[in-house]
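As structure tokens, the structure follows; a few thoughts come after it.
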Amino acid sequence: MNNIIGVDIGGTNVDMGVVREDYEVIEYTRFKTKKDSVSKLLEDICSVVIPLAEKYDCKVIGIGSPGRTADNRTIIRSGNIPYDNTPVVDIVAERTGLEVYLDNDASCALYGEKFAGAGRDVSNMIVITIGTGIGGGIMIDRKTYHGYNNRAGEIGHFIIDINGRPCSCGLHGCFEQYASVKAFITRAKIAAVQNKNSILFKMAGGNIENLGGRLPFRAMALGCEVSEKVIEEYIYYLACGINSLSKIFQPDLFVLTGGLTNEGEIITDMLKPHLLDGVEVKISPLKGKAGLIGAALIKKERESYALPLEKV
Ligand SMILES: [Zn+2]
């Protein structure tokens with residue numbers, strides 16, 4: 001494998017990098033996702049790709065994006081970006097002249113962990129990507145489980161409370177309504193407003209719009225009981241989801257990426273007492289780049305078990 005360009009399209013940012021044969025990211029760049037126009041978004045990407053490909057002699061580019069990619073060339077739709085049966089592979093290939101691969105962003109995070117991260121030595125693994133929503137990738141006997149029409153791994157939308165919070169997917173009580181970063185921040189804001197004497201509310205300068213995912217952890221470190229309660233509730237729900245998945249798949253390892261995993265060991269330490277026996281959870285060692293590295297490895301992933309390159 002020569003140098004490959006990896007692109008990780010997120011709801012907020014696009015992360016791009018050149019990934020070397022040893023999976024090191026040798027050049028990295030990030031810019032805001034243009035969510036109002038897919039053609040502008042793809043043009044932004046191509047205008048960065050072309051000089052990068054020339055500088056590092058890249059022939060291949062891999063793109064990970066939210067949304068359904070039934071034929072691995074076209075994105076049908078996505079909750080965050082206005083794709084409408086967009087032929088992403090054809091557009092980028094025509095503009096850049098490169099060999100282009102496309103896959104779901106959570107699947108890319110799985111490939112990143114499988115080849116370059118926490119999952120190099122395990123047979124069965126579930127990667128949980130925690131962001132605005134929750135995504136997932138499932139590896140069984142070192143093969144990715146795609147399911148019908150490439151739709152498996154939507155672990156943000158299994159139900160953990162049948163009378164629970166409404167979800168954008170139309171169901172109630174989905175896992176991501178409790179364990180996503182968005183859910184965490186929403187709960188923290190509610191708790192801060194209800195407890196205006198709390199360290200959390202004061203640290204937000206009395207304005208909950210300043211409240212992001214990190215602030216409750218900083219407040220908890222200073223002894224904020226309100227923050228501690230919000231974090232404990234969040235961790236409990238996260239553990240419920242992980243335990244349920246372990247009952248179905250019993251993987252050797254769960255890997256958490258994105259969002260709050262920047263907080264590191266505090267997350268795994270707080271999870272541990274809630275996890276069932278034999279459930280192993282690690283934070284991704286790839287420091288937020290699992291999706292980018294995995295996008296660069298889509299070709300390797302598909303070749304590794306001779307699936308048709310165009311259609312899974
Ligand atoms: Zn849902």
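Residue numbering restarts at 1 in every chain; chains get A, B, ... in the order shown in the structure tokens, and ligands count up from 1 in that same order.
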For chain A against ligand 1, with a cut-off of 8 Å and counting only C-alpha atoms and all ligand atoms, what is the closest atom pair and its distance in Å to one decimal for every residue that makes the cut, ordered by chain and number, as JSON lines?
```
{"residue": "A:Gly156", "atom": "CA", "partner": "ligand 1", "partner_atom_place_in_ligand_line": "1 (Zn)", "distance": 6.5}
{"residue": "A:His157", "atom": "CA", "partner": "ligand 1", "partner_atom_place_in_ligand_line": "1 (Zn)", "distance": 4.1}
{"residue": "A:Phe158", "atom": "CA", "partner": "ligand 1", "partner_atom_place_in_ligand_line": "1 (Zn)", "distance": 7.1}
{"residue": "A:Ile159", "atom": "CA", "partner": "ligand 1", "partner_atom_place_in_ligand_line": "1 (Zn)", "distance": 7.7}
{"residue": "A:Pro166", "atom": "CA", "partner": "ligand 1", "partner_atom_place_in_ligand_line": "1 (Zn)", "distance": 7.6}
{"residue": "A:Cys167", "atom": "CA", "partner": "ligand 1", "partner_atom_place_in_ligand_line": "1 (Zn)", "distance": 4.5}
{"residue": "A:Ser168", "atom": "CA", "partner": "ligand 1", "partner_atom_place_in_ligand_line": "1 (Zn)", "distance": 5.8}
{"residue": "A:Cys169", "atom": "CA", "partner": "ligand 1", "partner_atom_place_in_ligand_line": "1 (Zn)", "distance": 4.3}
{"residue": "A:Gly170", "atom": "CA", "partner": "ligand 1", "partner_atom_place_in_ligand_line": "1 (Zn)", "distance": 6.3}
{"residue": "A:Leu171", "atom": "CA", "partner": "ligand 1", "partner_atom_place_in_ligand_line": "1 (Zn)", "distance": 5.3}
{"residue": "A:His172", "atom": "CA", "partner": "ligand 1", "partner_atom_place_in_ligand_line": "1 (Zn)", "distance": 6.7}
{"residue": "A:Gly173", "atom": "CA", "partner": "ligand 1", "partner_atom_place_in_ligand_line": "1 (Zn)", "distance": 7.3}
{"residue": "A:Cys174", "atom": "CA", "partner": "ligand 1", "partner_atom_place_in_ligand_line": "1 (Zn)", "distance": 4.6}
{"residue": "A:Phe175", "atom": "CA", "partner": "ligand 1", "partner_atom_place_in_ligand_line": "1 (Zn)", "distance": 7.4}
{"residue": "A:Glu176", "atom": "CA", "partner": "ligand 1", "partner_atom_place_in_ligand_line": "1 (Zn)", "distance": 6.9}
{"residue": "A:Gln177", "atom": "CA", "partner": "ligand 1", "partner_atom_place_in_ligand_line": "1 (Zn)", "distance": 7.4}
```
Just N, CA and C atoms for this one: save the residues we selected as a short mmCIF file (atom, residue, chain, number, x, y, z; two decimals), in the first residue's frame.
```cif
data_model
loop_
_atom_site.label_atom_id
_atom_site.label_comp_id
_atom_site.auth_asym_id
_atom_site.auth_seq_id
_atom_site.Cartn_x
_atom_site.Cartn_y
_atom_site.Cartn_z
N GLY A 156 -27.00 3.12 17.41
CA GLY A 156 -27.59 4.29 18.06
C GLY A 156 -29.10 4.16 18.21
N HIS A 157 -29.69 3.26 17.44
CA HIS A 157 -31.16 3.19 17.39
C HIS A 157 -31.72 1.87 17.87
N PHE A 158 -31.00 1.19 18.77
CA PHE A 158 -31.71 0.10 19.45
C PHE A 158 -32.28 0.70 20.74
N ILE A 159 -33.40 0.15 21.14
CA ILE A 159 -34.21 0.82 22.17
C ILE A 159 -33.80 0.35 23.56
N PRO A 166 -38.15 10.78 22.67
CA PRO A 166 -38.37 10.64 21.23
C PRO A 166 -37.06 10.81 20.46
N CYS A 167 -36.93 10.07 19.36
CA CYS A 167 -35.70 10.11 18.55
C CYS A 167 -36.02 10.61 17.15
N SER A 168 -35.00 11.18 16.50
CA SER A 168 -35.19 11.71 15.14
C SER A 168 -35.58 10.60 14.16
N CYS A 169 -35.31 9.34 14.50
CA CYS A 169 -35.65 8.24 13.59
C CYS A 169 -37.12 7.87 13.67
N GLY A 170 -37.86 8.47 14.61
CA GLY A 170 -39.28 8.17 14.71
C GLY A 170 -39.61 7.23 15.86
N LEU A 171 -38.60 6.55 16.41
CA LEU A 171 -38.84 5.65 17.55
C LEU A 171 -38.70 6.43 18.86
N HIS A 172 -38.93 5.73 19.95
CA HIS A 172 -38.75 6.32 21.28
C HIS A 172 -37.72 5.52 22.06
N GLY A 173 -36.90 6.21 22.84
CA GLY A 173 -36.00 5.53 23.77
C GLY A 173 -34.76 4.92 23.14
N CYS A 174 -34.34 5.44 21.97
CA CYS A 174 -33.14 4.91 21.31
C CYS A 174 -31.88 5.21 22.15
N PHE A 175 -30.92 4.30 22.06
CA PHE A 175 -29.65 4.40 22.79
C PHE A 175 -29.02 5.79 22.64
N GLU A 176 -29.03 6.35 21.41
CA GLU A 176 -28.33 7.63 21.22
C GLU A 176 -29.01 8.81 21.91
N GLN A 177 -30.28 8.62 22.27
CA GLN A 177 -30.96 9.68 23.02
C GLN A 177 -30.46 9.74 24.47
#
```
* Looking only at the backbone, which of the residues in region 43-201 of chain A does DSSP tag as alpha helix (DSSP H), as an MDAnalysis selection string? -> chainID A and resid 43:56 88:96 105:116 176:179 181:194 199:201
* Could you give me, as a count of residues only, the residues within 8 Å of Gly117 (chain A), counting only C-alpha atoms and dropping anything in the same chain fewer than 4 positions from it? => 6
* d(CA of Glu154 (chain A), CA of Gln250 (chain A)) in Å ->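 Atom-to-atom, CA of Glu154 (chain A) to CA of Gln250 (chain A), that is 17.1 Å.
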* To do: For region 201-215 of chain A, list every protein, DNA or RNA residue within 6 Å, evaluated using only C-alpha atoms, and leave out those in the same chain fewer than 5 positions away; present the list as a VMD selection string.
  => chain A and resid 185 189 192 196
* Give me the residues within 10 Å of region 18-28 of chain A as an NGL selection string, counting only C-alpha atoms and dropping any in the same chain fewer than 3 places off. => :A and (1-7 or 15 or 49 or 52-53 or 56 or 58 or 61 or 112 or 115-117 or 286 or 289 or 292-297)
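Distance annotation: of A:Val181, A:Cys224, A:Arg77, A:Tyr236, the residue with the minimal separation from Asn195 (chain A) is A:Cys224; atom set is only C-alpha atoms.
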* **Which of A:Phe217, A:Gly133, A:Val226, A:Asp57 sits closest to Val193 (chain A) [using only C-alpha atoms]** =>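 Closest to Val193 (chain A) of all the choices is A:Val226.
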